[in-house]
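**Q** Here's a structure for you.
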Amino acid sequence: MAARVVTVTAPEPTLLERLYLPEIFKGLARTFSHLAKNIKNIKGLPTILYPEIKRKYSERFRGRHILKTREDGSLTCVACYMCETACPADCIHIEAGEHPVLAYEKYPVKFEIDMLRCVMCGYCVDACPKDAIWMTKDYEMTFFDRKSAVLGIPELTEKPSDTGADGPGYGYRPYEGESPMRKAGQFEPSGLPLLPALLERGLAINRMPPPPPPKAAPPAAAKAG
């Protein structure tokens with residue numbers, strides 16, 4: 001049986017349809033209706049007027065990292081490589097050196113985070129045994145080249161502007177406020193009470209005179225001919 005063929009002829013578009021004028025006016029009417037409704041109820045909009053208005057984020061927000069410092073201004077980090085090892089994106093690079101103060105043992109000569117590779121997981125914060133790396137609520141990070149996206153010690157060291165009135169404030173960190181163990185008096189993560197004694201020990205070691213040079217070995221007796 002032969003198939004039935006149906007020929008459909010499209011109607012010839014009118015001049016207005018060829019100029020898309022009805023669709024243009026419908027779209028403009030819809031746009032202006034939304035504009036008038038939003039202006040009338042601007043406080044009820046689901047969006048915010050950024051950058052004039054900035055949204056408040058959780059105290060556990062994972063933003064730009066900071067390196068914490070001790071009371072004397074030195075970095076709390078002891079270059080143990082725990083954060084570098086735990087990082088799933090392999091974006092942390094550390095080089096360790098011996099600290100001039102013996103009580104501190106090691107310190108990071110180089111500490112870099114490639115923010116273009118970082119996935120903001122917070123694993124580095126969880127892995128650090130010294131509470132040396134925290135995260136802030138700073139999400140306004142723009143870079144024009146890869147080099148500027150690699151943050152080193154000068155950029156990562158905590159500054160007063162990080163926690164000032166106009167600063168981003170602390171985000172993801174080991175403890176919200178004071179740790180439960182520190183409250184119970186069972187553990188002092190920073191070891192600050194031990195620093196004076198260790199500092200005195202280091203100064204006493206540095207004041208010790210150097211050991212005497214080893215005595216020269218006696219010359220070997222000449223073999224009989």
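We label chains A, B, ... in the order they appear in the structure tokens, count residues from 1 in each chain, and number ligands from 1 in the order shown.
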If we count only C-alpha atoms and set the cut-off at 7 Å, which residues sit around Gly152 in chain A, ignoring sequence neighbours fewer than 3 positions away in its own chain? Please answer as a PyMOL selection string.

**A** chain A and resi 111-113+155-156

**Q** I need the residues from that last selection saved to file as a PDB file, in the first residue's frame (with N, CA and C atoms), if you can.

**A**
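So part33.pdb came out as:
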```pdb
ATOM      1  N   PHE A 111      56.381  29.082  52.373  1.00  0.00           N
ATOM      2  CA  PHE A 111      55.043  28.514  52.536  1.00  0.00           C
ATOM      3  C   PHE A 111      54.163  29.150  51.468  1.00  0.00           C
ATOM      4  N   GLU A 112      53.771  28.374  50.475  1.00  0.00           N
ATOM      5  CA  GLU A 112      53.005  28.899  49.344  1.00  0.00           C
ATOM      6  C   GLU A 112      51.741  28.069  49.130  1.00  0.00           C
ATOM      7  N   ILE A 113      50.673  28.760  48.752  1.00  0.00           N
ATOM      8  CA  ILE A 113      49.415  28.109  48.397  1.00  0.00           C
ATOM      9  C   ILE A 113      48.991  28.640  47.034  1.00  0.00           C
ATOM     10  N   GLU A 155      51.735  37.308  52.154  1.00  0.00           N
ATOM     11  CA  GLU A 155      50.301  37.435  51.895  1.00  0.00           C
ATOM     12  C   GLU A 155      49.454  36.596  52.857  1.00  0.00           C
ATOM     13  N   LEU A 156      50.003  35.478  53.330  1.00  0.00           N
ATOM     14  CA  LEU A 156      49.230  34.565  54.168  1.00  0.00           C
ATOM     15  C   LEU A 156      49.289  34.913  55.649  1.00  0.00           C
TER      16      LEU A 156
END
```

**Q** With only C-alpha atoms as the counted atoms, please give the residues lying no more than 8 Å from Cys83 in chain A, apart from itself and same-chain residues fewer than 6 positions off, as a ChimeraX atom specification.

**A** /A:92,123-125,127-128

**Q** Selected residues, N, CA and C atoms, written as a PDB file, in the first residue's frame, please.

**A**
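Written out: selection.pdb:
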```
ATOM      1  N   ILE A  92      49.841  23.132  48.113  1.00  0.00           N
ATOM      2  CA  ILE A  92      50.657  23.720  49.177  1.00  0.00           C
ATOM      3  C   ILE A  92      52.100  23.266  49.007  1.00  0.00           C
ATOM      4  N   TYR A 123      41.029  20.699  54.503  1.00  0.00           N
ATOM      5  CA  TYR A 123      41.804  19.578  55.036  1.00  0.00           C
ATOM      6  C   TYR A 123      43.103  20.053  55.689  1.00  0.00           C
ATOM      7  N   CYS A 124      43.685  21.131  55.169  1.00  0.00           N
ATOM      8  CA  CYS A 124      44.924  21.640  55.747  1.00  0.00           C
ATOM      9  C   CYS A 124      44.686  22.135  57.169  1.00  0.00           C
ATOM     10  N   VAL A 125      43.527  22.734  57.404  1.00  0.00           N
ATOM     11  CA  VAL A 125      43.196  23.212  58.748  1.00  0.00           C
ATOM     12  C   VAL A 125      43.028  22.034  59.694  1.00  0.00           C
ATOM     13  N   ALA A 127      44.385  19.071  59.449  1.00  0.00           N
ATOM     14  CA  ALA A 127      45.601  18.284  59.618  1.00  0.00           C
ATOM     15  C   ALA A 127      46.642  18.970  60.494  1.00  0.00           C
ATOM     16  N   CYS A 128      46.586  20.291  60.616  1.00  0.00           N
ATOM     17  CA  CYS A 128      47.642  21.027  61.315  1.00  0.00           C
ATOM     18  C   CYS A 128      47.614  20.718  62.813  1.00  0.00           C
TER      19      CYS A 128
END
```

**Q** Find the residues near Asp114 in chain A: any atom within 7 Å, counting only C-alpha atoms, skip ones fewer than 4 places away on the same chain, and give them as a list in words.

**A** Cys91, Ile92, Cys118, Ala149, Val150 and Leu151 of chain A

**Q** Just list the residues in range 68-164 of chain A DSSP gives helix (DSSP H, G or I) on the backbone, as a list in words.

**A**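 Secondary structure check on range 68-164 of chain A, helix (DSSP H, G or I): Met82, Cys83, Glu84, Thr85, Ala86, Leu102, Ala103, Tyr104, Tyr123, Cys124, Val125, Asp126, Ala127, Lys147, Ser148, Ala149, Ile153, Pro154, Glu155, Leu156, Pro160, Ser161, Asp162 and Thr163 of chain A.
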